[in-house]
Each structure stands twice: as C-alpha cells, then as structure tokens.
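Text of my_file-v8.txt, listed as compact mmCIF, C-alpha atoms:
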# COMPACT_ATOMS: atom_id res chain seq x y z
CA THR A 1 7.22 41.15 -20.79
CA LEU A 2 3.51 41.37 -20.01
CA SER A 3 2.66 43.30 -16.84
CA PHE A 4 -0.83 41.83 -16.43
CA VAL A 5 -1.85 40.80 -12.91
CA HIS A 6 -4.74 38.62 -14.15
CA VAL A 7 -4.43 36.38 -17.23
CA GLY A 8 -7.94 35.08 -17.85
CA LYS A 9 -9.45 31.91 -19.27
CA ASN A 10 -8.50 31.23 -22.91
CA PHE A 11 -6.29 34.36 -22.82
CA ALA A 12 -4.13 33.32 -25.79
CA SER A 13 -5.52 29.88 -26.59
CA GLY A 14 -4.99 28.78 -30.15
CA CYS A 15 -2.27 31.36 -30.87
CA THR A 16 -0.12 28.92 -32.79
CA LYS A 17 2.53 31.52 -33.71
CA LEU A 18 3.21 32.67 -30.13
CA GLN A 19 6.78 31.67 -29.22
CA THR A 20 7.67 33.35 -25.92
CA CYS A 21 5.74 34.61 -22.91
CA MET A 22 7.36 36.59 -20.10
CA LEU A 23 4.81 37.48 -17.42
CA SER A 24 5.89 39.95 -14.77
CA ALA A 25 6.86 38.61 -11.34
CA THR A 26 3.75 40.22 -9.84
CA ALA A 27 1.27 38.19 -11.91
CA LYS A 28 -1.27 36.56 -9.61
CA TYR A 29 -3.58 34.51 -11.83
CA ILE A 30 -3.29 32.35 -14.96
CA GLY A 31 -6.70 31.07 -15.97
CA GLU A 32 -8.06 27.83 -17.31
CA THR A 33 -6.68 26.92 -20.78
CA ALA A 34 -5.02 30.35 -20.96
CA PHE A 35 -2.36 29.20 -23.43
CA ALA A 36 -3.98 25.99 -24.70
CA GLY A 37 -2.99 25.05 -28.21
CA CYS A 38 -0.04 27.45 -28.40
CA SER A 39 1.97 24.82 -30.22
CA SER A 40 4.93 27.11 -30.99
CA LEU A 41 5.31 28.43 -27.45
CA ASN A 42 8.86 27.44 -26.49
CA VAL A 43 9.75 29.80 -23.62
CA PHE A 44 7.46 30.47 -20.66
CA GLN A 45 8.78 32.42 -17.68
CA VAL A 46 6.88 31.29 -14.58
CA PRO A 47 6.09 34.30 -12.32
CA THR A 48 7.57 34.19 -8.81
CA SER A 49 4.71 35.78 -6.86
CA PRO A 50 3.85 33.64 -3.80
CA ASP A 51 0.21 34.63 -4.40
CA LEU A 52 0.12 33.24 -7.94
CA VAL A 53 -2.69 30.85 -8.92
CA ILE A 54 -2.37 28.71 -12.06
CA VAL A 55 -5.69 26.99 -12.78
CA HIS A 56 -4.97 23.33 -13.49
CA ASP A 57 -7.31 20.56 -12.43
CA GLN A 58 -8.68 17.15 -13.34
CA SER A 59 -10.05 18.21 -16.71
CA SER A 60 -8.03 21.14 -18.06
CA ASN A 61 -4.59 22.68 -18.14
CA PRO A 62 -3.51 26.21 -19.16
CA PHE A 63 -0.69 24.68 -21.23
CA GLN A 64 -2.48 21.77 -22.89
CA GLY A 65 -1.34 21.38 -26.46
CA CYS A 66 1.86 23.34 -25.86
CA LYS A 67 4.04 20.59 -27.24
CA ASN A 68 7.24 22.66 -27.51
CA ILE A 69 7.06 24.52 -24.21
CA VAL A 70 10.09 25.03 -21.99
CA PHE A 71 9.56 26.49 -18.51
CA ASN A 72 11.97 28.92 -16.87
CA GLY A 73 11.71 30.28 -13.36
CA TYR A 74 12.59 29.76 -9.71
CA GLU A 75 14.35 26.41 -9.37
CA TYR A 76 12.69 23.78 -7.19
CA ASP A 77 14.51 23.31 -3.89
CA GLY A 78 12.09 21.01 -2.10
CA PHE A 79 10.13 23.40 0.10
CA TYR A 80 7.80 26.41 0.10
CA ASP A 81 7.14 28.65 3.09
CA GLY A 82 4.61 30.85 1.35
CA ILE A 83 6.59 34.05 1.80
CA SER A 84 10.18 33.96 0.62
CA GLN A 85 9.83 31.25 -2.02
CA ALA A 86 7.93 31.08 -5.27
CA LYS A 87 4.78 28.97 -5.04
CA TYR A 88 5.38 27.65 -8.57
CA GLN A 89 8.84 26.30 -9.22
CA VAL A 90 10.65 24.70 -12.12
CA LYS A 91 12.75 21.56 -12.13
CA ASP A 92 14.41 20.15 -15.24
CA GLY A 93 12.00 22.00 -17.49
CA ALA A 94 8.77 21.01 -15.69
CA CYS A 95 6.50 23.33 -13.71
CA TYR A 96 5.32 22.34 -10.22
CA GLU A 97 2.95 23.89 -7.69
CA LEU A 98 4.20 23.59 -4.11
CA VAL A 99 1.55 23.15 -1.43
CA GLN A 100 2.26 24.92 1.84
CA ASP A 101 2.68 22.66 4.91
CA SER A 102 2.16 19.52 2.84
CA ASP A 103 4.16 16.51 1.67
CA ARG A 104 2.48 16.91 -1.73
CA ILE A 105 3.40 18.90 -4.83
CA ASN A 106 1.32 19.24 -7.98
CA LEU A 107 2.72 18.73 -11.46
CA VAL A 108 1.30 21.49 -13.63
CA HIS A 109 2.98 20.52 -16.89
CA MET A 110 6.13 18.86 -18.18
CA GLY A 111 8.13 20.81 -20.73
CA LYS A 112 9.31 19.46 -24.06
CA ASP A 113 12.69 18.23 -22.81
CA SER A 114 11.74 17.23 -19.25
CA LEU A 115 12.10 13.56 -18.35
CA MET A 116 10.06 11.25 -16.16
CA ALA A 117 13.26 10.20 -14.38
CA ASN A 118 13.80 13.78 -13.16
CA ILE A 119 10.49 14.12 -11.32
CA PRO A 120 11.19 15.00 -7.64
CA THR A 121 10.98 12.03 -5.29
CA ASP A 122 10.99 13.85 -1.95
CA ARG A 123 7.20 14.31 -1.98
CA THR A 124 4.07 12.80 -3.48
CA VAL A 125 3.51 14.29 -6.93
CA TYR A 126 -0.06 14.76 -8.17
CA ALA A 127 -0.23 14.93 -11.96
CA SER A 128 -3.10 17.04 -13.31
CA ALA A 129 -4.86 16.83 -16.68
CA TYR A 130 -2.60 16.92 -19.76
CA SER A 131 0.47 17.36 -17.52
CA MET A 132 2.52 14.58 -19.19
CA GLU A 133 1.34 14.99 -22.77
CA TYR A 134 3.73 14.74 -25.73
CA ARG A 135 6.22 12.46 -23.93
CA THR A 136 8.83 11.12 -26.35
CA GLU A 137 10.95 8.88 -24.11
CA LYS A 138 11.14 5.41 -25.65
CA ASP A 139 10.51 3.50 -22.42
CA ILE A 140 8.79 5.26 -19.52
CA VAL A 141 8.67 4.06 -15.92
CA VAL A 142 6.39 6.28 -13.86
CA PRO A 143 7.90 6.78 -10.37
CA SER A 144 5.96 5.26 -7.46
CA ASN A 145 5.43 8.68 -5.83
CA VAL A 146 3.34 9.94 -8.78
CA VAL A 147 -0.46 9.98 -8.42
CA PHE A 148 -2.59 10.49 -11.53
CA ASN A 149 -5.16 13.19 -10.78
CA GLY A 150 -6.54 14.27 -14.13
CA ASN A 151 -7.80 13.22 -17.55
CA ARG A 152 -5.75 12.72 -20.72
CA ILE A 153 -2.47 12.88 -18.84
CA PHE A 154 -0.43 11.12 -21.54
CA THR A 155 -2.36 12.28 -24.60
CA GLN A 156 -0.34 12.63 -27.83
CA SER A 157 2.67 10.81 -26.35
CA ASN A 158 4.85 8.51 -28.43
CA GLY A 159 7.15 5.65 -27.46
CA ASP A 160 7.48 1.89 -27.04
CA SER A 161 6.48 1.02 -23.48
CA ILE A 162 5.14 2.47 -20.27
CA THR A 163 5.17 0.96 -16.80
CA LEU A 164 3.12 2.14 -13.82
CA THR A 165 4.63 1.28 -10.44
CA ARG A 166 1.75 2.54 -8.29
CA LEU A 167 -1.95 1.65 -8.09
CA LEU A 168 -4.20 4.17 -9.81
CA GLY A 169 -6.62 4.19 -6.88
CA ASP A 170 -9.36 6.46 -8.23
CA SER A 171 -11.28 7.42 -11.35
CA TYR A 172 -9.75 10.86 -11.88
CA CYS A 173 -7.64 9.72 -14.79
CA GLN A 174 -10.05 8.92 -17.60
CA TYR A 175 -8.59 8.68 -21.09
CA LEU A 176 -5.21 8.04 -19.44
CA PHE A 177 -3.54 6.76 -22.63
CA ALA A 178 -6.17 7.90 -25.10
CA GLU A 179 -4.97 9.33 -28.38
CA THR A 180 -1.38 8.31 -27.74
CA ASN A 181 1.07 6.53 -29.99
CA TYR A 182 2.57 4.53 -27.15
CA GLY A 183 2.71 0.99 -28.37
CA LYS A 184 3.83 -2.52 -27.70
CA ASN A 185 3.71 -2.80 -23.91
CA TYR A 186 1.61 -1.31 -21.12
CA THR A 187 2.33 -2.63 -17.64
CA PHE A 188 0.10 -1.68 -14.73
CA ALA A 189 1.07 -1.93 -11.06
CA ALA A 190 0.65 -5.29 -9.35
CA GLY A 191 -2.71 -5.55 -7.61
CA GLU A 192 -4.40 -2.99 -9.84
CA THR A 193 -8.18 -3.33 -9.64
CA LEU A 194 -9.35 -0.12 -11.26
CA ILE A 195 -8.62 0.66 -14.88
CA PRO A 196 -10.08 4.10 -15.67
CA ASP A 197 -12.84 4.71 -18.20
CA ASN A 198 -11.76 5.11 -21.82
CA CYS A 199 -8.19 4.29 -20.80
CA PHE A 200 -7.03 3.24 -24.29
CA ALA A 201 -9.63 5.07 -26.37
CA ASN A 202 -8.67 6.09 -29.90
CA ILE A 203 -5.29 4.39 -30.04
CA SER A 204 -5.26 3.90 -33.78
CA ASN A 205 -1.74 2.59 -34.35
CA SER A 206 -0.74 -1.04 -34.72
CA LYS A 207 2.02 -1.05 -32.07
CA PHE A 208 -0.30 -1.76 -29.12
CA THR A 209 0.26 -5.50 -28.73
CA SER A 210 0.69 -6.23 -25.02
CA LEU A 211 -1.10 -5.37 -21.78
CA GLU A 212 0.20 -6.77 -18.49
CA ILE A 213 -1.50 -6.53 -15.10
CA PRO A 214 0.54 -8.55 -12.57
CA GLU A 215 -1.15 -10.32 -9.65

Take the structure in the file and give it back as structure tokens.
Amino acid sequence: TLSFVHVGKNFASGCTKLQTCMLSATAKYIGETAFAGCSSLNVFQVPTSPDLVIVHDQSSNPFQGCKNIVFNGYEYDGFYDGISQAKYQVKDGACYELVQDSDRINLVHMGKDSLMANIPTDRTVYASAYSMEYRTEKDIVVPSNVVFNGNRIFTQSNGDSITLTRLLGDSYCQYLFAETNYGKNYTFAAGETLIPDNCFANISNSKFTSLEIPE
C-alpha cells in the first residue's frame, strides 16, 4: 500500500509489469495519465477520501491503456454528500466520480469486466476520454443517459455492433471509434446532426460494413 497523498502526472505511466496498486485512503490527488499504459495492472484500490481528485478530462485519463484493470473500493449507492461518502465510487468494476448536489456523475474508467448494461441509470453519466476503451461485448447499446465528453472513448474496443441511443450534441468526442475493431454495424441516434471529427479514423479491419443514421 502506497501512503502518498499526491500521485503526480505520469507517476507510473508505461510500467507494463505493474499488477496491483493500493493507495492509502488519505490520498488526495491522482494526476493526469498517472498510470497510463500499465497494461498488466489488474487491481486498483480507489481511495475513499472525500477530498480526492482524479484528473480525467476530455483528452486524457489516468488509466488509459490499462486494458486489464479491475477497480475495487466504496460501492456506488447513488448519492454523495461530500462528507460521509467517498467521492469516487465503484460499481460493477467501473470507477465513477460523484458530483455533489448534482444529477450528474462522471465515468472515470470502465474496468476489464464491467458491462455497458450495468452503468447506473439514476443520473446522467458523462464519459470522459478513454473511459470505455477495450470493450469486448459483442453488441453494445449505449444507455440514453450517457453523454460522451471526451476523445477516443471507445479506442481499442472489439465487437460486432454498437448503437447510440442519444444525440452526441457537441464536439467533445473526437476519434470516438478511432482505432477500434468494432465492425459490421454502427447505429447513431435518430436525428443526429453532428458526427464528431475523425470519428472512424484508422479503422483498418474489414468488418466495418454498415453505418445507419435514422431520420
């Protein structure tokens, strides 16, 4: 267990042999791309400090490239009062940031075995950059309460089809399906008018055969 209070930017990035990380409950800061590229990291204990800040935004994620990660920690119960509850909570292997006095929660990162169907539906969920990478479900339907709020959200994912049930609404999701192996069918929400820049960039497989944008 590491007793650091401040885990800075690129703290252990690229440490491909790192398998477990147990930060103390008093940790207050996990910096940008702190564990990026730790491809063997399979246990991460999320600190329970209500003052904790995990830097995740529209362009970077502290866990990007952690394709085998599993999150442990305080279990999501649908609210955060800023004092008695952990600000960052875990549900079905995914890590969420709860926003005080808000109907919004932020998806920090989905773990290896977490499923799209298990995303909480009691609030709007904002998905940050890289937060849904390495998905392996064969057919994904993104819940209507999920808002894409970052780049490369689905990078390195693999499956047959993906369906969006909500309008994208802004440009904060460039490279949405870039560098994925999702094939065959992409279905956008009815009425979609904005397809983000570089949405399908660098899809090099031959499975991508159908794109549907309903009226």

Please list as a PDB file with C-alpha atoms, in the coordinates of the input every residue within 6 Å of stretch 62-74 of chain A, counting all atoms listed in the file and excluding residues in the same chain fewer than 4 positions away.
ATOM      1  CA  GLU A  32      -8.060  27.830 -17.310  1.00  0.00           C
ATOM      2  CA  THR A  33      -6.680  26.920 -20.780  1.00  0.00           C
ATOM      3  CA  ALA A  34      -5.020  30.350 -20.960  1.00  0.00           C
ATOM      4  CA  PHE A  35      -2.360  29.200 -23.430  1.00  0.00           C
ATOM      5  CA  ALA A  36      -3.980  25.990 -24.700  1.00  0.00           C
ATOM      6  CA  GLY A  37      -2.990  25.050 -28.210  1.00  0.00           C
ATOM      7  CA  CYS A  38      -0.040  27.450 -28.400  1.00  0.00           C
ATOM      8  CA  SER A  39       1.970  24.820 -30.220  1.00  0.00           C
ATOM      9  CA  LEU A  41       5.310  28.430 -27.450  1.00  0.00           C
ATOM     10  CA  ASN A  42       8.860  27.440 -26.490  1.00  0.00           C
ATOM     11  CA  VAL A  43       9.750  29.800 -23.620  1.00  0.00           C
ATOM     12  CA  PHE A  44       7.460  30.470 -20.660  1.00  0.00           C
ATOM     13  CA  GLN A  45       8.780  32.420 -17.680  1.00  0.00           C
ATOM     14  CA  VAL A  46       6.880  31.290 -14.580  1.00  0.00           C
ATOM     15  CA  GLN A  89       8.840  26.300  -9.220  1.00  0.00           C
ATOM     16  CA  VAL A  90      10.650  24.700 -12.120  1.00  0.00           C
ATOM     17  CA  GLY A  93      12.000  22.000 -17.490  1.00  0.00           C
ATOM     18  CA  GLY A 111       8.130  20.810 -20.730  1.00  0.00           C
ATOM     19  CA  LYS A 112       9.310  19.460 -24.060  1.00  0.00           C
ATOM     20  CA  TYR A 130      -2.600  16.920 -19.760  1.00  0.00           C
TER      21      TYR A 130
END

Sorted per-residue table, stretch 37-142 of chain A near stretch 155-173 of chain A, closest atoms and distance, 7 Å, only C-alpha atoms, as CSV:
residue,atom,partner,partner_atom,distance
A:Gln58,CA,A:Tyr172,CA,6.5
A:Tyr130,CA,A:Thr155,CA,6.7
A:Glu133,CA,A:Thr155,CA,4.9
A:Tyr134,CA,A:Ser157,CA,4.1
A:Arg135,CA,A:Ser157,CA,4.6
A:Thr136,CA,A:Asn158,CA,5.2
A:Glu137,CA,A:Gly159,CA,6.0
A:Lys138,CA,A:Gly159,CA,4.4
A:Asp139,CA,A:Ser161,CA,4.8
A:Ile140,CA,A:Ile162,CA,4.7
A:Val141,CA,A:Thr163,CA,4.8
A:Val142,CA,A:Leu164,CA,5.3

**Q.** Residue contacts of A:Ser24 (12 Å, only C-alpha atoms) excluding same-chain residues fewer than 3 positions away, as a VMD selection string
**A.** chain A and resid 1 to 7 21 27 to 30 44 to 49 52 73

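The nearest approach to A:Asp77 among the residues A:Thr121, A:Thr187, A:Thr26, A:Ser114, with all atoms listed in the file taken into account, belongs to A:Thr121.
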
Q: Using atom CA of A:Ile153 and atom CA of A:Arg104 as the two end points, give the distance in Å to one decimal.
A: 18.3 Å

Q: Quick one: pull the distance between atom CA of A:Gln19 and atom CA of A:Gly31, Å, one decimal.
A: 18.9 Å

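Minimum distance to A:Ala94 across A:Ser144, A:Ser40, A:Ser131, A:Asn185 (counting all atoms listed in the file) occurs at A:Ser131.
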
Please determine an axis-aligned box that encloses all atoms of stretch 160-178 of chain A listed in the file, with 8 Å added on each side, and express its centre and edge lengths in Å to one decimal as JSON.
{"center_x": -1.9, "center_y": 5.9, "center_z": -17.0, "size_x": 34.8, "size_y": 25.9, "size_z": 36.2}

(Q) Could you list, as a ChimeraX atom specification, every residue within 6 Å of stretch 105-109 of chain A, counting only C-alpha atoms and ignoring same-chain residues fewer than 2 positions away? (A) /A:94-99,125-127,131

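If you measure from each of A:Phe11, A:Tyr88, A:Tyr175, A:Phe79 to A:Asn149 using all atoms listed in the file, the closest one turns out to be A:Tyr175.
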
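Our summary of the geometry notes that atom CA of A:Asn61 is positioned 18.4 Å from atom CA of A:Met22.
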
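Proximity of A:Ile203, A:Leu115, A:Ser59, A:Asn10 to A:Gln174, computed with only C-alpha atoms, is greatest for A:Ser59.
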